[in-house]
Amino acid sequence: MLRLLVIALLISSFAGAQTKKSVQKNAKPKVEADSLITDSVIAEVEKPMPREFAVYTKKPKLKTERMKLCLNLVSKDTVLNYCINDSICHDPEITKILFEKKDADSTYLLVYVDAFSKPVDKPECDAGKELKLFFIRWNTKTNKALVKHRTVESCMRGVTNMTREPILNWDRVTPLTVNYYKGNSTFSEIKFDPHQYLLGFQSADTESK
């Protein structure tokens with residue numbers, strides 16, 4: 001009888017130990033409140049616009065957006081940040097204000113933007129150039145601008161610069177004449193006269209014969 005009682009106690013003790021192990025195995029670990037990680041959305045803080053002249057590429061943050069080429073112009077009291085969609089002339093290596101004239105509340109500028117071609121799938125343009133000229137009439141009081149631009153050289157788009165002298169060598173006194181070939185037998189010419197800056201670009205397209 002005593003032997004049966006001892007055996008029953010051992011079986012009962014073993015079964016209890018198995019139950020405790022099962023509970024511990026399936027129990028969820030206790031997490032202290034301080035260790036919990038909550039999802040949060042951190043708003044991206046836009047960098048303040050620099051208080052200096054700059055031309056730069058603004059890369060898209062979303063797939064639905066396009067790459068932009070932006071001009072940052074600075075006057076005594078305000079900053080103008082103007083962007084256009086441009087995925088070809090990006091990250092320019094050379095940028096310069098060729099002409100600047102203030103007239104009452106308006107400032108007139110001619111801006112030179114020169115970038116090496118940066119093709120993804122067009123190896124023949126690895127050493128190519130992308131060159132643009134911008135004419136800007138900027139009302140610094142209202143901070144609004146009228147901007148016109150011309151692509152005068154582009155390996156990616158098949159535009160050939162045929163200007164006799166480098167544009168950067170312009171003397172800022174005589175009229176600047178820029179010639180380029182856009183393909184399809186179309187030759188283009190634009191002029192900018194610093195003495196008639198209100199006219200901006202004066203252009204003409206001619207067909208070759």
# chains A, B, ... in the order shown; residues from 1 in each chain; ligands from 1
call {"tool": "residues_around", "arguments": {"residues": "Pro60 in chain A", "least_positions_apart": "4", "cutoff": "12 Å", "atoms": "only C-alpha atoms", "output": "VMD selection string"}}
result
chain A and resid 64 to 69 85 to 87
call {"tool": "write_last_selection", "arguments": {"atoms": "N, CA and C atoms", "output": "CSV table (one decimal), in the first residue's frame"}}
result
chain,number,residue,atom,x,y,z
A,64,THR,N,6.0,59.5,-59.0
A,64,THR,CA,5.1,60.3,-59.9
A,64,THR,C,5.7,61.6,-60.2
A,65,GLU,N,6.8,62.0,-59.5
A,65,GLU,CA,7.4,63.3,-59.7
A,65,GLU,C,8.5,63.2,-60.8
A,66,ARG,N,8.9,64.3,-61.3
A,66,ARG,CA,10.0,64.4,-62.3
A,66,ARG,C,11.2,65.1,-61.8
A,67,MET,N,12.4,64.8,-62.4
A,67,MET,CA,13.6,65.5,-62.0
A,67,MET,C,13.5,67.0,-62.4
A,68,LYS,N,14.0,67.9,-61.6
A,68,LYS,CA,13.8,69.3,-61.9
A,68,LYS,C,15.2,70.0,-61.9
A,69,LEU,N,15.3,71.0,-62.8
A,69,LEU,CA,16.5,71.9,-62.8
A,69,LEU,C,16.1,73.2,-62.2
A,85,ASN,N,11.0,71.2,-65.3
A,85,ASN,CA,11.2,69.7,-65.4
A,85,ASN,C,12.4,69.5,-66.4
A,86,ASP,N,13.4,68.8,-66.0
A,86,ASP,CA,14.5,68.5,-66.8
A,86,ASP,C,15.3,67.4,-66.3
A,87,SER,N,15.3,66.3,-67.0
A,87,SER,CA,16.0,65.1,-66.6
A,87,SER,C,17.2,64.8,-67.4
call {"tool": "residues_around", "arguments": {"residues": "Asn72 in chain A", "least_positions_apart": "2", "cutoff": "8 Å", "atoms": "only C-alpha atoms", "output": "PyMOL selection string"}}
result
chain A and resi 49-50+52-55+70+74+79-82
call {"tool": "select_by_dssp", "arguments": {"residues": "range 33-198 of chain A", "states": "strand (DSSP E or B)", "output": "JSON, numbers by chain"}}
result
{"A": [54, 55, 56, 57, 58, 68, 69, 70, 71, 72, 73, 74, 79, 80, 81, 82, 83, 84, 85, 94, 95, 96, 97, 98, 99, 100, 101, 102, 103, 106, 107, 108, 109, 110, 111, 112, 113, 114, 115, 116, 129, 130, 131, 132, 133, 134, 135, 136, 137, 138, 139, 144, 145, 146, 147, 148, 149, 150, 151, 152, 153, 154, 159, 160, 161, 176, 177, 178, 179, 180, 181, 186, 187, 188, 189, 190, 191, 192]}
call {"tool": "residues_around", "arguments": {"residues": "Leu146 in chain A", "least_positions_apart": "6", "cutoff": "8 Å", "atoms": "only C-alpha atoms", "output": "compact mmCIF listing (two decimals) with N, CA and C atoms, in the first residue's frame"}}
result
# COMPACT_ATOMS: atom_id res chain seq x y z
N ILE A 136 15.79 85.90 -67.84
CA ILE A 136 14.84 86.07 -66.74
C ILE A 136 14.51 87.53 -66.53
N ARG A 137 13.23 87.84 -66.49
CA ARG A 137 12.77 89.17 -66.07
C ARG A 137 12.08 88.97 -64.73
N TRP A 138 12.73 89.45 -63.68
CA TRP A 138 12.33 89.14 -62.31
C TRP A 138 11.89 90.41 -61.58
call {"tool": "closest_atom_pairs", "arguments": {"of": "range 67-108 of chain A", "to": "range 168-187 of chain A", "cutoff": "9 Å", "atoms": "only C-alpha atoms", "output": "tab-separated table"}}
result
residue	atom	partner	partner_atom	distance
A:Lys96	CA	A:Leu168	CA	8.6
A:Leu98	CA	A:Arg172	CA	7.4
A:Phe99	CA	A:Arg172	CA	7.0
call {"tool": "residues_around", "arguments": {"residues": "range 100-102 of chain A", "least_positions_apart": "6", "cutoff": "12 Å", "atoms": "only C-alpha atoms", "output": "JSON, numbers by chain"}}
result
{"A": [73, 74, 75, 76, 108, 109, 110, 111, 112, 134, 135, 136, 137, 138, 139, 140, 172, 194, 195, 196, 197, 198, 200]}
call {"tool": "write_last_selection", "arguments": {"atoms": "N, CA, C and O atoms", "output": "compact mmCIF listing (two decimals), in the first residue's frame"}}
result
# COMPACT_ATOMS: atom_id res chain seq x y z
N LEU A 73 17.96 82.58 -57.43
CA LEU A 73 18.43 83.94 -57.67
C LEU A 73 18.22 84.78 -56.41
O LEU A 73 17.21 84.64 -55.72
N VAL A 74 19.16 85.66 -56.15
CA VAL A 74 19.15 86.41 -54.90
C VAL A 74 19.26 87.90 -55.16
O VAL A 74 20.09 88.35 -55.96
N SER A 75 18.38 88.66 -54.53
CA SER A 75 18.49 90.12 -54.53
C SER A 75 18.69 90.57 -53.09
O SER A 75 18.80 89.75 -52.18
N LYS A 76 18.68 91.85 -52.88
CA LYS A 76 18.92 92.39 -51.55
C LYS A 76 17.85 91.95 -50.56
O LYS A 76 18.13 91.66 -49.39
N TYR A 108 16.88 92.03 -64.77
CA TYR A 108 16.99 91.25 -66.00
C TYR A 108 18.31 90.47 -65.96
O TYR A 108 19.37 91.05 -65.69
N LEU A 109 18.21 89.17 -66.24
CA LEU A 109 19.41 88.32 -66.14
C LEU A 109 19.52 87.38 -67.34
O LEU A 109 18.51 86.93 -67.89
N LEU A 110 20.77 87.08 -67.69
CA LEU A 110 21.07 86.05 -68.67
C LEU A 110 21.95 85.04 -67.95
O LEU A 110 23.03 85.38 -67.45
N VAL A 111 21.47 83.79 -67.86
CA VAL A 111 22.16 82.76 -67.07
C VAL A 111 22.63 81.62 -67.98
O VAL A 111 21.88 81.13 -68.82
N TYR A 112 23.87 81.22 -67.76
CA TYR A 112 24.52 80.15 -68.52
C TYR A 112 24.56 78.89 -67.65
O TYR A 112 25.01 78.93 -66.50
N PHE A 134 19.29 80.91 -70.08
CA PHE A 134 18.04 81.39 -69.48
C PHE A 134 18.01 82.91 -69.53
O PHE A 134 18.99 83.57 -69.14
N PHE A 135 16.89 83.46 -69.99
CA PHE A 135 16.66 84.90 -69.86
C PHE A 135 15.53 85.08 -68.85
O PHE A 135 14.46 84.48 -68.96
N ILE A 136 15.79 85.90 -67.84
CA ILE A 136 14.84 86.07 -66.74
C ILE A 136 14.51 87.53 -66.53
O ILE A 136 15.43 88.37 -66.43
N ARG A 137 13.23 87.84 -66.49
CA ARG A 137 12.77 89.17 -66.07
C ARG A 137 12.08 88.97 -64.73
O ARG A 137 11.00 88.41 -64.63
N TRP A 138 12.73 89.45 -63.68
CA TRP A 138 12.33 89.14 -62.31
C TRP A 138 11.89 90.41 -61.58
O TRP A 138 12.68 91.33 -61.42
N ASN A 139 10.62 90.44 -61.18
CA ASN A 139 10.12 91.54 -60.37
C ASN A 139 10.45 91.22 -58.91
O ASN A 139 9.81 90.37 -58.29
N THR A 140 11.43 91.89 -58.38
CA THR A 140 11.88 91.58 -57.02
C THR A 140 10.92 92.07 -55.95
O THR A 140 11.03 91.68 -54.79
N ARG A 172 30.23 91.02 -73.07
CA ARG A 172 29.13 91.72 -72.35
C ARG A 172 28.87 93.12 -72.92
O ARG A 172 28.13 93.90 -72.32
N PRO A 194 22.91 93.45 -75.02
CA PRO A 194 22.94 94.06 -73.68
C PRO A 194 22.44 95.50 -73.66
O PRO A 194 22.06 96.00 -72.60
N HIS A 195 22.41 96.15 -74.82
CA HIS A 195 21.91 97.52 -74.89
C HIS A 195 20.40 97.57 -75.14
O HIS A 195 19.78 98.62 -75.00
N GLN A 196 19.83 96.41 -75.47
CA GLN A 196 18.39 96.28 -75.66
C GLN A 196 17.88 95.06 -74.87
O GLN A 196 17.18 94.21 -75.40
N TYR A 197 18.31 95.01 -73.62
CA TYR A 197 18.02 93.83 -72.79
C TYR A 197 16.53 93.60 -72.56
O TYR A 197 16.11 92.48 -72.26
N LEU A 198 15.71 94.64 -72.71
CA LEU A 198 14.26 94.47 -72.51
C LEU A 198 13.67 93.51 -73.54
O LEU A 198 12.62 92.91 -73.29
N GLY A 200 15.04 90.73 -74.52
CA GLY A 200 15.37 89.35 -74.21
C GLY A 200 15.99 88.64 -75.39
O GLY A 200 16.81 89.20 -76.13
call {"tool": "atom_distance", "arguments": {"atom1": "CA of Lys129 in chain A", "atom2": "CA of Glu165 in chain A"}}
result
16.1 Å
call {"tool": "select_by_dssp", "arguments": {"residues": "range 63-182 of chain A", "states": "helix (DSSP H, G or I)", "output": "list in words"}}
result
Pro123, Glu124, Cys125, Ile167, Leu168 and Asn169 of chain A
call {"tool": "write_last_selection", "arguments": {"atoms": "all heavy atoms", "output": "mmCIF file, in the first residue's frame"}}
result
data_model
loop_
_atom_site.group_PDB
_atom_site.id
_atom_site.type_symbol
_atom_site.label_atom_id
_atom_site.label_comp_id
_atom_site.auth_asym_id
_atom_site.auth_seq_id
_atom_site.Cartn_x
_atom_site.Cartn_y
_atom_site.Cartn_z
ATOM 1 N N PRO A 123 25.782 55.376 -74.468
ATOM 2 C CA PRO A 123 27.226 55.524 -74.239
ATOM 3 C C PRO A 123 27.899 56.527 -75.160
ATOM 4 O O PRO A 123 28.942 57.080 -74.816
ATOM 5 C CB PRO A 123 27.765 54.099 -74.477
ATOM 6 C CG PRO A 123 26.720 53.406 -75.280
ATOM 7 C CD PRO A 123 25.420 53.995 -74.834
ATOM 8 N N GLU A 124 27.304 56.791 -76.331
ATOM 9 C CA GLU A 124 27.925 57.756 -77.247
ATOM 10 C C GLU A 124 27.887 59.171 -76.687
ATOM 11 O O GLU A 124 28.556 60.070 -77.221
ATOM 12 C CB GLU A 124 27.245 57.720 -78.619
ATOM 13 C CG GLU A 124 25.779 58.090 -78.616
ATOM 14 C CD GLU A 124 24.859 56.891 -78.446
ATOM 15 O OE1 GLU A 124 25.296 55.901 -77.812
ATOM 16 O OE2 GLU A 124 23.731 56.934 -78.958
ATOM 17 N N CYS A 125 27.117 59.394 -75.626
ATOM 18 C CA CYS A 125 27.046 60.725 -75.006
ATOM 19 C C CYS A 125 27.824 60.801 -73.692
ATOM 20 O O CYS A 125 27.640 61.748 -72.913
ATOM 21 C CB CYS A 125 25.588 61.118 -74.765
ATOM 22 S SG CYS A 125 24.705 61.606 -76.266
ATOM 23 N N ILE A 167 30.716 80.782 -75.569
ATOM 24 C CA ILE A 167 29.770 81.742 -74.985
ATOM 25 C C ILE A 167 30.356 82.420 -73.750
ATOM 26 O O ILE A 167 30.126 83.614 -73.510
ATOM 27 C CB ILE A 167 28.440 81.042 -74.658
ATOM 28 C CG1 ILE A 167 27.797 80.518 -75.945
ATOM 29 C CG2 ILE A 167 27.483 81.979 -73.925
ATOM 30 C CD1 ILE A 167 26.559 79.673 -75.722
ATOM 31 N N LEU A 168 31.136 81.699 -72.981
ATOM 32 C CA LEU A 168 31.727 82.276 -71.773
ATOM 33 C C LEU A 168 32.743 83.370 -72.091
ATOM 34 O O LEU A 168 33.131 84.141 -71.204
ATOM 35 C CB LEU A 168 32.380 81.181 -70.927
ATOM 36 C CG LEU A 168 31.420 80.224 -70.204
ATOM 37 C CD1 LEU A 168 32.204 79.151 -69.453
ATOM 38 C CD2 LEU A 168 30.525 80.995 -69.229
ATOM 39 N N ASN A 169 33.197 83.446 -73.338
ATOM 40 C CA ASN A 169 34.145 84.494 -73.733
ATOM 41 C C ASN A 169 33.445 85.784 -74.169
ATOM 42 O O ASN A 169 34.104 86.743 -74.585
ATOM 43 C CB ASN A 169 35.033 84.013 -74.890
ATOM 44 C CG ASN A 169 36.007 82.937 -74.455
ATOM 45 O OD1 ASN A 169 36.170 82.681 -73.267
ATOM 46 N ND2 ASN A 169 36.654 82.289 -75.419
#
call {"tool": "atom_distance", "arguments": {"atom1": "CA of Leu133 in chain A", "atom2": "CA of Lys148 in chain A"}}
result
8.4 Å
call {"tool": "residues_around", "arguments": {"residues": "Asp126 in chain A", "least_positions_apart": "6", "cutoff": "10 Å", "atoms": "only C-alpha atoms", "output": "VMD selection string"}}
result
chain A and resid 116 to 120 155 to 156
